Every structure is written in structure tokens, then in C-alpha cells.
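Below is the file work.cif, which contains mmCIF, C-alpha atoms.
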```cif
data_data
loop_
_atom_site.group_PDB
_atom_site.id
_atom_site.type_symbol
_atom_site.label_atom_id
_atom_site.label_comp_id
_atom_site.auth_asym_id
_atom_site.auth_seq_id
_atom_site.Cartn_x
_atom_site.Cartn_y
_atom_site.Cartn_z
ATOM 1 C CA MET X 350 62.887 -74.682 -32.228
ATOM 2 C CA LEU X 351 60.408 -76.595 -30.121
ATOM 3 C CA GLU X 352 57.705 -74.544 -28.475
ATOM 4 C CA ARG X 353 57.489 -75.125 -24.751
ATOM 5 C CA GLU X 354 53.947 -75.660 -23.467
ATOM 6 C CA VAL X 355 53.315 -73.400 -20.589
ATOM 7 C CA ASN X 356 50.898 -74.555 -17.945
ATOM 8 C CA ARG X 357 49.238 -71.470 -16.463
ATOM 9 C CA GLU X 358 47.034 -72.214 -13.539
ATOM 10 C CA PRO X 359 44.701 -69.487 -12.157
ATOM 11 C CA LYS X 360 45.886 -67.847 -8.989
ATOM 12 C CA GLU X 361 43.621 -67.402 -6.011
ATOM 13 C CA PHE X 362 43.392 -63.922 -4.484
ATOM 14 C CA LEU X 363 42.253 -63.352 -0.909
ATOM 15 C CA VAL X 364 40.261 -60.128 -0.616
ATOM 16 C CA THR X 365 40.280 -58.664 2.851
ATOM 17 C CA MET X 366 37.866 -55.940 3.948
ATOM 18 C CA GLU X 367 38.680 -53.068 6.149
ATOM 19 C CA PRO X 368 36.764 -52.906 9.459
ATOM 20 C CA LEU X 369 34.999 -49.694 8.367
ATOM 21 C CA GLU X 370 33.659 -51.321 5.209
ATOM 22 C CA GLN X 371 32.418 -54.302 7.198
ATOM 23 C CA LYS X 372 30.571 -51.948 9.554
ATOM 24 C CA GLU X 373 28.891 -50.125 6.657
ATOM 25 C CA LEU X 374 27.778 -53.414 5.112
ATOM 26 C CA ALA X 375 26.350 -54.503 8.448
ATOM 27 C CA GLU X 376 24.395 -51.257 8.775
ATOM 28 C CA MET X 377 23.044 -51.648 5.237
ATOM 29 C CA LYS X 378 21.936 -55.196 6.061
ATOM 30 C CA ASP X 379 20.188 -54.000 9.222
ATOM 31 C CA GLN X 380 18.364 -51.309 7.259
ATOM 32 C CA GLN X 381 17.277 -53.850 4.657
ATOM 33 C CA ASP X 382 16.057 -56.181 7.396
ATOM 34 C CA GLU X 383 14.130 -53.325 9.034
ATOM 35 C CA GLN X 384 12.536 -52.298 5.717
ATOM 36 C CA THR X 385 11.565 -55.907 5.049
ATOM 37 C CA CYS X 386 10.071 -56.120 8.515
ATOM 38 C CA LEU X 387 7.989 -52.989 7.928
ATOM 39 C CA GLN X 388 6.703 -54.392 4.648
ATOM 40 C CA LEU X 389 5.745 -57.671 6.363
ATOM 41 C CA SER X 390 4.199 -55.830 9.359
ATOM 42 C CA CYS X 391 6.310 -57.773 11.789
ATOM 43 C CA LEU X 392 6.615 -54.819 14.204
ATOM 44 C CA GLU X 393 4.431 -54.457 17.286
ATOM 45 C CA PRO X 394 1.146 -52.539 16.791
ATOM 46 C CA PRO X 395 1.140 -48.835 17.833
ATOM 47 C CA GLY X 396 0.234 -47.961 21.368
ATOM 48 C CA ASP X 397 -2.713 -45.943 22.648
ATOM 49 C CA SER X 398 -2.891 -42.225 21.859
ATOM 50 C CA GLY X 399 -1.591 -39.860 24.507
ATOM 51 C CA ILE X 400 -3.682 -37.241 26.249
ATOM 52 C CA HIS X 401 -4.290 -33.914 24.452
ATOM 53 C CA GLY X 402 -2.086 -30.988 25.388
ATOM 54 C CA SER X 403 -3.431 -27.799 26.914
ATOM 55 C CA LYS X 404 -4.746 -25.006 24.645
ATOM 56 C CA GLY X 405 -2.108 -22.524 23.494
ATOM 57 C CA ASN X 406 -2.105 -18.867 24.468
ATOM 58 C CA VAL X 407 -4.118 -16.397 22.354
ATOM 59 C CA LEU X 408 -2.022 -13.919 20.386
ATOM 60 C CA ASN X 409 -2.840 -10.543 21.913
ATOM 61 C CA SER X 410 0.268 -8.407 21.605
ATOM 62 C CA LYS X 411 0.658 -4.783 20.636
ATOM 63 C CA TYR X 412 3.882 -5.789 18.885
ATOM 64 C CA ALA X 413 2.176 -8.251 16.526
ATOM 65 C CA GLN X 414 1.803 -7.382 12.823
ATOM 66 C CA LEU X 415 2.825 -3.747 13.211
ATOM 67 C CA GLN X 416 1.844 -1.654 10.187
ATOM 68 C CA THR X 417 2.392 2.003 9.308
ATOM 69 C CA TYR X 418 -0.332 3.980 7.551
ATOM 70 C CA ALA X 419 -0.944 7.558 6.457
ATOM 71 C CA PHE X 420 -4.311 9.071 7.318
ATOM 72 C CA HIS X 421 -5.396 12.209 5.458
ATOM 73 C CA SER X 422 -7.885 14.488 7.164
ATOM 74 C CA GLN X 423 -8.931 16.383 3.984
ATOM 75 C CA THR X 424 -8.959 19.438 6.237
ATOM 76 C CA ASN X 425 -6.252 21.897 7.297
ATOM 77 C CA LYS X 426 -6.139 20.225 10.724
ATOM 78 C CA HIS X 427 -4.197 17.083 11.578
ATOM 79 C CA MET X 428 -6.407 14.153 12.474
ATOM 80 C CA ALA X 429 -5.668 12.014 15.508
ATOM 81 C CA CYS X 430 -4.641 8.409 14.989
ATOM 82 C CA PRO X 431 -7.493 5.920 15.493
ATOM 83 C CA SER X 432 -7.663 4.467 18.995
ATOM 84 C CA GLY X 433 -5.019 1.853 19.663
ATOM 85 C CA MET X 434 -2.593 3.358 17.121
ATOM 86 C CA THR X 435 0.529 5.387 17.845
ATOM 87 C CA GLU X 436 1.336 8.655 16.062
ATOM 88 C CA ILE X 437 4.709 8.734 14.305
ATOM 89 C CA MET X 438 4.667 12.040 12.416
ATOM 90 C CA ARG X 439 2.495 14.759 10.874
ATOM 91 C CA GLY X 440 2.674 16.524 7.553
ATOM 92 C CA PHE X 441 0.972 17.666 4.336
ATOM 93 C CA SER X 442 -0.969 15.370 2.012
ATOM 94 C CA PHE X 443 1.131 14.714 -1.090
ATOM 95 C CA LEU X 444 0.037 13.089 -4.364
ATOM 96 C CA TYR X 445 2.467 13.261 -7.266
ATOM 97 C CA PHE X 446 5.830 14.388 -8.671
ATOM 98 C CA ASP X 447 5.617 15.630 -12.282
ATOM 99 C CA SER X 448 8.859 16.302 -14.174
ATOM 100 C CA SER X 449 9.445 18.319 -17.337
ATOM 101 C CA SER X 450 10.924 15.231 -18.997
ATOM 102 C CA GLY X 451 7.465 13.672 -19.112
ATOM 103 C CA THR X 452 8.010 11.234 -16.273
ATOM 104 C CA GLY X 453 6.408 11.334 -12.887
ATOM 105 C CA HIS X 454 5.699 9.327 -9.779
ATOM 106 C CA GLY X 455 2.535 9.058 -7.709
ATOM 107 C CA VAL X 456 2.340 8.027 -4.070
ATOM 108 C CA PRO X 457 -0.601 5.896 -2.836
ATOM 109 C CA LEU X 458 -2.571 7.800 -0.222
ATOM 110 C CA SER X 459 -2.417 4.867 2.212
ATOM 111 C CA ASN X 460 1.370 4.924 2.078
ATOM 112 C CA PRO X 461 3.317 6.901 4.728
ATOM 113 C CA GLY X 462 5.315 8.395 1.840
ATOM 114 C CA SER X 463 2.230 10.425 0.898
ATOM 115 C CA CYS X 464 2.599 12.417 4.120
ATOM 116 C CA MET X 465 5.389 15.008 3.640
ATOM 117 C CA LYS X 466 6.690 16.583 6.838
ATOM 118 C CA THR X 467 7.216 19.934 5.125
ATOM 119 C CA PHE X 468 5.473 21.662 2.250
ATOM 120 C CA SER X 469 7.649 22.568 -0.729
ATOM 121 C CA ILE X 470 6.695 24.155 -4.040
ATOM 122 C CA GLN X 471 9.371 22.169 -5.848
ATOM 123 C CA PRO X 472 10.519 18.998 -4.069
ATOM 124 C CA ILE X 473 12.158 17.619 -7.244
ATOM 125 C CA MET X 474 15.766 17.731 -8.454
ATOM 126 C CA GLU X 475 16.572 15.993 -11.749
ATOM 127 C CA CYS X 476 20.040 14.455 -12.056
ATOM 128 C CA THR X 477 21.929 13.145 -15.076
ATOM 129 C CA THR X 478 25.460 11.756 -15.338
ATOM 130 C CA ASP X 479 26.797 15.313 -15.489
ATOM 131 C CA THR X 480 24.610 17.610 -13.408
ATOM 132 C CA CYS X 481 21.668 17.909 -11.043
ATOM 133 C CA GLU X 482 19.149 20.607 -11.814
ATOM 134 C CA VAL X 483 15.972 22.184 -10.461
ATOM 135 C CA LYS X 484 13.762 22.881 -13.473
ATOM 136 C CA GLY X 485 11.162 25.607 -13.477
ATOM 137 C CA ASP X 486 8.484 23.619 -15.274
ATOM 138 C CA ASP X 487 8.572 20.625 -12.925
ATOM 139 C CA SER X 488 5.496 20.477 -10.710
ATOM 140 C CA SER X 489 4.121 18.788 -7.626
ATOM 141 C CA LEU X 490 0.532 17.822 -6.816
ATOM 142 C CA TRP X 491 -0.873 18.149 -3.298
ATOM 143 C CA MET X 492 -4.259 17.186 -1.886
ATOM 144 C CA PRO X 493 -6.451 20.195 -1.120
ATOM 145 C CA VAL X 494 -8.953 20.273 1.712
ATOM 146 C CA GLY X 495 -12.223 18.536 0.891
ATOM 147 C CA ASP X 496 -14.520 19.763 3.647
ATOM 148 C CA ILE X 497 -16.265 22.274 1.396
ATOM 149 C CA PRO X 498 -19.172 23.885 3.272
ATOM 150 C CA ASP X 499 -22.665 22.858 2.213
ATOM 151 C CA GLY X 500 -24.067 25.218 -0.372
ATOM 152 C CA SER X 501 -20.624 26.219 -1.684
ATOM 153 C CA ALA X 502 -19.241 25.128 -5.044
ATOM 154 C CA ALA X 503 -15.584 24.163 -5.421
ATOM 155 C CA SER X 504 -15.101 27.070 -7.805
ATOM 156 C CA GLU X 505 -16.387 29.420 -5.118
ATOM 157 C CA TYR X 506 -14.504 27.859 -2.218
ATOM 158 C CA TYR X 507 -10.968 27.433 -3.591
ATOM 159 C CA PRO X 508 -8.816 30.410 -4.616
ATOM 160 C CA GLN X 509 -9.180 31.217 -8.300
ATOM 161 C CA GLU X 510 -5.819 32.883 -8.798
ATOM 162 C CA GLU X 511 -2.280 31.530 -8.603
ATOM 163 C CA LEU X 512 -1.017 31.916 -5.038
ATOM 164 C CA VAL X 513 2.589 33.080 -5.072
ATOM 165 C CA VAL X 514 5.449 31.999 -2.843
ATOM 166 C CA GLY X 515 8.038 34.770 -2.838
ATOM 167 C CA ASP X 516 9.259 37.783 -0.905
ATOM 168 C CA GLU X 517 7.678 38.849 2.346
ATOM 169 C CA ASP X 518 5.512 41.418 0.596
ATOM 170 C CA SER X 519 4.112 38.973 -1.964
ATOM 171 C CA ASP X 520 4.414 35.653 -0.127
ATOM 172 C CA GLN X 521 1.111 33.751 0.147
ATOM 173 C CA SER X 522 2.451 30.532 1.664
ATOM 174 C CA ASP X 523 0.114 30.702 4.642
ATOM 175 C CA ARG X 524 -2.909 31.036 2.366
ATOM 176 C CA ILE X 525 -1.710 28.047 0.301
ATOM 177 C CA LYS X 526 -1.351 25.925 3.441
ATOM 178 C CA GLU X 527 -4.841 26.995 4.530
ATOM 179 C CA PHE X 528 -6.235 24.985 1.601
ATOM 180 C CA LEU X 529 -3.898 21.969 1.820
ATOM 181 C CA SER X 530 -4.945 18.765 3.554
ATOM 182 C CA ARG X 531 -2.994 17.580 6.580
ATOM 183 C CA CYS X 532 -1.978 14.006 7.335
ATOM 184 C CA THR X 533 -0.804 11.830 10.194
ATOM 185 C CA VAL X 534 1.346 8.701 9.987
ATOM 186 C CA CYS X 535 0.286 6.095 12.528
ATOM 187 C CA GLU X 536 1.636 2.754 13.701
ATOM 188 C CA SER X 537 -1.083 0.104 13.911
ATOM 189 C CA PRO X 538 -0.979 -3.317 15.602
ATOM 190 C CA SER X 539 -3.408 -4.688 12.984
ATOM 191 C CA THR X 540 -4.354 -4.400 9.324
ATOM 192 C CA VAL X 541 -6.477 -1.591 7.877
ATOM 193 C CA MET X 542 -8.280 -1.996 4.560
ATOM 194 C CA ALA X 543 -11.057 -0.482 2.437
ATOM 195 C CA ILE X 544 -14.111 -2.359 1.189
ATOM 196 C CA HIS X 545 -16.063 -0.946 -1.763
ATOM 197 C CA SER X 546 -19.697 -1.778 -2.449
ATOM 198 C CA PHE X 547 -19.567 -0.611 -6.105
ATOM 199 C CA THR X 548 -23.125 0.560 -5.444
ATOM 200 C CA SER X 549 -24.739 3.581 -3.799
ATOM 201 C CA GLN X 550 -25.142 1.556 -0.584
ATOM 202 C CA GLU X 551 -22.616 1.725 2.231
ATOM 203 C CA PRO X 552 -20.898 -1.631 2.821
ATOM 204 C CA SER X 553 -20.222 -3.025 6.281
ATOM 205 C CA CYS X 554 -17.077 -4.473 7.806
ATOM 206 C CA PRO X 555 -16.720 -8.267 8.022
ATOM 207 C CA GLU X 556 -16.849 -10.159 11.286
ATOM 208 C CA LYS X 557 -13.881 -9.489 13.603
ATOM 209 C CA TRP X 558 -13.271 -6.108 11.935
ATOM 210 C CA GLU X 559 -14.350 -2.669 13.189
ATOM 211 C CA GLU X 560 -15.408 0.377 11.185
ATOM 212 C CA LEU X 561 -13.213 3.501 11.101
ATOM 213 C CA TRP X 562 -15.216 5.564 8.595
ATOM 214 C CA VAL X 563 -17.394 5.407 5.476
ATOM 215 C CA GLY X 564 -16.772 7.412 2.338
ATOM 216 C CA PHE X 565 -16.588 7.627 -1.452
ATOM 217 C CA SER X 566 -14.657 5.229 -3.713
ATOM 218 C CA LEU X 567 -11.728 7.049 -5.319
ATOM 219 C CA ILE X 568 -9.757 5.802 -8.323
ATOM 220 C CA MET X 569 -7.281 8.577 -9.110
ATOM 221 C CA GLY X 570 -6.491 12.273 -9.264
ATOM 222 C CA ARG X 571 -4.450 13.837 -12.079
ATOM 223 C CA ASP X 572 -3.314 17.123 -13.520
ATOM 224 C CA ARG X 573 -1.383 18.008 -16.701
ATOM 225 C CA GLY X 574 -1.000 14.429 -17.847
ATOM 226 C CA GLY X 575 0.247 13.031 -14.548
ATOM 227 C CA GLY X 576 -1.502 11.828 -11.470
ATOM 228 C CA SER X 577 -1.802 9.330 -8.679
ATOM 229 C CA GLY X 578 -3.881 6.175 -8.776
ATOM 230 C CA VAL X 579 -4.883 4.277 -5.670
ATOM 231 C CA ASN X 580 -4.953 0.660 -4.588
ATOM 232 C CA LEU X 581 -8.613 -0.130 -3.941
ATOM 233 C CA GLU X 582 -7.600 -2.341 -1.031
ATOM 234 C CA GLY X 583 -5.892 0.586 0.690
ATOM 235 C CA HIS X 584 -7.865 2.936 2.906
ATOM 236 C CA GLY X 585 -6.609 5.887 0.833
ATOM 237 C CA SER X 586 -9.144 4.863 -1.830
ATOM 238 C CA CYS X 587 -12.007 5.700 0.532
ATOM 239 C CA LEU X 588 -12.388 9.483 0.946
ATOM 240 C CA ARG X 589 -14.383 10.826 3.865
ATOM 241 C CA TYR X 590 -15.367 13.923 1.899
ATOM 242 C CA PHE X 591 -16.519 13.955 -1.693
ATOM 243 C CA THR X 592 -14.608 16.562 -3.662
ATOM 244 C CA PRO X 593 -14.359 17.217 -7.408
ATOM 245 C CA GLN X 594 -10.944 18.764 -6.810
ATOM 246 C CA LEU X 595 -8.385 16.250 -5.573
ATOM 247 C CA SER X 596 -5.180 18.028 -6.561
ATOM 248 C CA ALA X 597 -3.546 21.434 -6.248
ATOM 249 C CA ARG X 598 -0.639 21.957 -8.656
ATOM 250 C CA CYS X 599 2.479 23.837 -7.564
ATOM 251 C CA VAL X 600 5.226 24.985 -9.963
ATOM 252 C CA MET X 601 8.400 27.046 -9.777
ATOM 253 C CA SER X 602 7.199 29.375 -12.536
ATOM 254 C CA GLY X 603 3.659 29.985 -13.741
ATOM 255 C CA SER X 604 1.961 32.740 -15.664
ATOM 256 C CA SER X 605 3.220 35.128 -12.992
ATOM 257 C CA GLY X 606 6.804 33.913 -13.459
ATOM 258 C CA GLU X 607 7.095 33.186 -9.732
ATOM 259 C CA PRO X 608 6.750 29.995 -7.663
ATOM 260 C CA ASN X 609 3.044 29.430 -7.080
ATOM 261 C CA CYS X 610 0.202 26.991 -6.446
ATOM 262 C CA HIS X 611 -3.049 26.806 -8.379
ATOM 263 C CA PHE X 612 -6.150 25.156 -6.914
ATOM 264 C CA MET X 613 -8.407 25.484 -9.949
ATOM 265 C CA SER X 614 -6.324 24.019 -12.759
ATOM 266 C CA GLN X 615 -8.293 23.344 -15.940
ATOM 267 C CA ASP X 616 -6.281 20.138 -16.440
ATOM 268 C CA GLN X 617 -7.361 18.657 -13.105
ATOM 269 C CA ILE X 618 -9.470 15.488 -13.151
ATOM 270 C CA THR X 619 -10.678 13.389 -10.215
ATOM 271 C CA ALA X 620 -12.004 9.894 -10.975
ATOM 272 C CA TYR X 621 -14.389 7.934 -8.740
ATOM 273 C CA ILE X 622 -16.039 4.523 -9.097
ATOM 274 C CA LYS X 623 -19.541 4.835 -10.530
ATOM 275 C CA ALA X 624 -22.256 3.108 -8.530
ATOM 276 C CA SER X 625 -23.518 0.144 -10.549
ATOM 277 C CA ASP X 626 -27.096 0.640 -9.331
ATOM 278 C CA TRP X 627 -27.265 4.247 -10.503
ATOM 279 C CA GLU X 628 -29.074 4.902 -13.763
ATOM 280 C CA SER X 629 -29.760 8.243 -15.349
ATOM 281 C CA GLU X 630 -30.458 9.668 -18.761
ATOM 282 C CA GLU X 631 -28.039 12.481 -17.932
ATOM 283 C CA ASP X 632 -24.365 11.945 -18.727
ATOM 284 C CA ARG X 633 -23.367 14.995 -16.699
ATOM 285 C CA LEU X 634 -24.327 15.976 -13.177
ATOM 286 C CA GLY X 635 -23.802 19.385 -11.674
ATOM 287 C CA TYR X 636 -22.026 19.823 -8.362
ATOM 288 C CA PHE X 637 -25.301 20.633 -6.592
ATOM 289 C CA ASP X 638 -27.285 17.884 -8.297
ATOM 290 C CA PRO X 639 -28.899 15.789 -5.512
ATOM 291 C CA ASN X 640 -28.118 12.613 -7.466
ATOM 292 C CA LEU X 641 -24.399 13.327 -7.687
ATOM 293 C CA LYS X 642 -23.281 11.617 -4.481
ATOM 294 C CA ARG X 643 -25.726 8.762 -5.058
ATOM 295 C CA SER X 644 -24.043 8.069 -8.399
ATOM 296 C CA ILE X 645 -20.695 7.283 -6.725
ATOM 297 C CA SER X 646 -19.763 3.976 -5.113
ATOM 298 C CA LYS X 647 -19.582 3.955 -1.326
ATOM 299 C CA CYS X 648 -16.868 2.364 0.772
ATOM 300 C CA VAL X 649 -15.963 1.599 4.361
ATOM 301 C CA VAL X 650 -12.548 1.533 6.034
ATOM 302 C CA CYS X 651 -12.143 -1.373 8.452
ATOM 303 C CA ARG X 652 -9.538 -2.352 11.002
ATOM 304 C CA ARG X 653 -8.872 -5.915 12.152
ATOM 305 C CA LEU X 654 -9.559 -6.364 15.848
ATOM 306 C CA THR X 655 -6.264 -6.813 17.667
ATOM 307 C CA ASN X 656 -7.515 -9.678 19.815
ATOM 308 C CA ILE X 657 -7.896 -12.454 17.236
ATOM 309 C CA ALA X 658 -9.852 -14.584 19.721
ATOM 310 C CA GLN X 659 -12.826 -12.227 19.366
#
```
Hey, can you dump this file as C-alpha cells for me?
Amino acid sequence: MLEREVNREPKEFLVTMEPLEQKELAEMKDQQDEQTCLQLSCLEPPGDSGIHGSKGNVLNSKYAQLQTYAFHSQTNKHMACPSGMTEIMRGFSFLYFDSSSGTGHGVPLSNPGSCMKTFSIQPIMECTTDTCEVKGDDSSLWMPVGDIPDGSAASEYYPQEELVVGDEDSDQSDRIKEFLSRCTVCESPSTVMAIHSFTSQEPSCPEKWEELWVGFSLIMGRDRGGGSGVNLEGHGSCLRYFTPQLSARCVMSGSSGEPNCHFMSQDQITAYIKASDWESEEDRLGYFDPNLKRSISKCVVCRRLTNIAQ
């Protein structure tokens, strides 16, 4: 069988483009031409600069940068908010929750959460997946007053015994509150901060800041293994009054078996920053030692001026 030679010639195909595709290609070509023109600097040179605009308004609003702070008087009287601030609430100066399970939680003194509207011997309830319980050996730490009269030692000023909260005949709540610091929560239109010198010299506020008070550089207060540290930037780390006794411990059951507060706990420790320029051969200083307050770093609490143009 003879094979038939097949002559296969290539066919020509006419490809037609849709109008949309043609438009896209045209736009791409224009962009390429424009890019080429920029590279070759074929565009006209830029024109003259326009005139400067007018100066913007200075931010001077009482609604700008609103902050809330707690201020502790270290006395049994509520302090007024610094000028320009608005009072939100008043309360008692609170430091720390201490639970029987070995856990606890401290509240920074600058924080509004450190100002409790009401005083309570036992503000803690421990909850598990099954029950919630108030435990008798849980405790709370509160800040006592620090305005101890000159010539009086802390051991002479604060009550020595456990002050009981109970029936009308034995209730000593009023006497407890007499020795608890009061606090005020204030709304501020500007920032408040503490500056520590780490020396015996009082620091000053930077430019455009104003002084609220000077004091002593606090690190922490603790009792029975728990306590509250402070942020050195916060104004709560700068105490107006020096006191060796920063905490009063309250429990549901003490040696008396009744709810009580104790101002002279043997487990209480207050820690301050030591002044770096203080040198002494003595490792211990008595409360009436004239060098005691000079051995502690000084600090100043400053507030940013609300008119930032100043």
C-alpha cells in the first residue's frame, strides 16, 4: 500500500484583543513613558516655593491628656487635690492583699486603686471551682498616718495592742481609722511624676514643670512575707513624711480570736533608697538619730505645666 504524502501547511491565526485589554496596555505604555521621562529629567523644573502658613494654635485644653492619680495625705484628714485638678473620690490608703495560700497583690500608691472608698478588715474572698470562702488568716495592709509629732517615737505614737473590730462594747473601729492615712483620687490635665536625687540633696523639677512637694524616696513596705513595691517614676514613691512604719496589718482572727488591726507588727519592714553621699561607720541608726533623715534619698513630685507653650 502506497503511503500518501500529506502536505501540511501552517495555518495563520488572527488574535484579536478586547477593548479593555487594549486600554490596559495603553495605560502601561503611558506609565513607562512617564517613568522614562522622569529618569531623563524631561519634565519642567519645579516652581517657586509657596508662602508659609500661619502658626497653629497652642494646645491649652483642660481635656488634654487627662490622668487619674491617688494622693495620700499620710494623715487622718483627706488632702485637697492640687490646684487645677478635679476631685473624683476619697477613701483610705490601701497597700496590699495577703492571702493564706501564699499569694498576694500590692497596689502602687500612685494608682487610684490604692484609695479604697471604705475601710474593711477583710476585703478578700478566695474562690475555687467549687466554692468561695472568706478565710480567717487572710490579711490586708493599710498605710498608717505618718505625721508623727516631733520628739515621739513610732513605738510611742502608734497603738501597741491589737485593736478589735467587733460588738458595740468592744468595737475599736474609730480608733483604727484614727491612725489610718486618708487619700483623694484626682483627675489631672497633665502628667505627675517623681524625681529622685539618690542623694541627701533635694532635687528640683525640670523646666516647664512645677513642684508639688518634696519628700523621702520610698521603695516598698511589707509585712508577713508580702508587701507593696512602688514605681520610682510614680509620685507614690515620694513620701511627704518619713515614717519607719508604712503598714498596718488587719486580719479576721489574731491572738484575740477577733477581727483586728495591729500597727506595731514585728514582721513589718519599710525600705527607702539610701543616699549615695551618706557615709557612716554605723550600720544602724536610731529613730532619733540626727543623721537618719540625711541618710535617705530625697525626691520631688513635679507636675507638667498645662500650657505647653510656657
Determine the residue set returned by the PyMOL selection byres ((chain X and resi 521) around 12) for the present structure, and present it as a PyMOL selection string. chain X and resi 470+508+510-520+522-528+607-611
Could you dump the residues just selected with C-alpha atoms as a CSV table (one decimal), in the coordinates of the input?
```csv
chain,number,residue,atom,x,y,z
X,470,ILE,CA,6.7,24.2,-4.0
X,508,PRO,CA,-8.8,30.4,-4.6
X,510,GLU,CA,-5.8,32.9,-8.8
X,511,GLU,CA,-2.3,31.5,-8.6
X,512,LEU,CA,-1.0,31.9,-5.0
X,513,VAL,CA,2.6,33.1,-5.1
X,514,VAL,CA,5.4,32.0,-2.8
X,515,GLY,CA,8.0,34.8,-2.8
X,516,ASP,CA,9.3,37.8,-0.9
X,517,GLU,CA,7.7,38.8,2.3
X,518,ASP,CA,5.5,41.4,0.6
X,519,SER,CA,4.1,39.0,-2.0
X,520,ASP,CA,4.4,35.7,-0.1
X,522,SER,CA,2.5,30.5,1.7
X,523,ASP,CA,0.1,30.7,4.6
X,524,ARG,CA,-2.9,31.0,2.4
X,525,ILE,CA,-1.7,28.0,0.3
X,526,LYS,CA,-1.4,25.9,3.4
X,527,GLU,CA,-4.8,27.0,4.5
X,528,PHE,CA,-6.2,25.0,1.6
X,607,GLU,CA,7.1,33.2,-9.7
X,608,PRO,CA,6.8,30.0,-7.7
X,609,ASN,CA,3.0,29.4,-7.1
X,610,CYS,CA,0.2,27.0,-6.4
X,611,HIS,CA,-3.0,26.8,-8.4
```
Run the PyMOL selection byres ((chain X and resi 567) around 7) on the file and write out the hits as an MDAnalysis selection string. chainID X and resid 565:566 568:569 586:588 620:622
Pairwise distance, CA of Asp479 in chain X with CA of Phe446 in chain X, equals 22.1 Å
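If you measure from each of X:Phe420, X:Tyr636, X:Trp627, X:Tyr445 to Gln550 in chain X using only C-alpha atoms, the closest one turns out to be X:Trp627.
In this model, the gap between CA of His454 in chain X and CA of Gly606 in chain X comes to 24.9 Å.
Straight-line separation from CA of Leu490 in chain X to CA of Ala624 in chain X: 27.2 Å.
Closest approach to Ser546 in chain X from the set X:Ile437, X:Val649, X:Ile618, X:Val600 is made by X:Val649, with distances taken over all atoms listed in the file.
All polymer residues at most 9 Å from (-9.5, -3.3, -0.8), using all atoms listed in the file, appear as Met542, Ala543, Ile544, His545, Asn580, Leu581, Glu582, Gly583, His584, Ser586 and Val650 of chain X.
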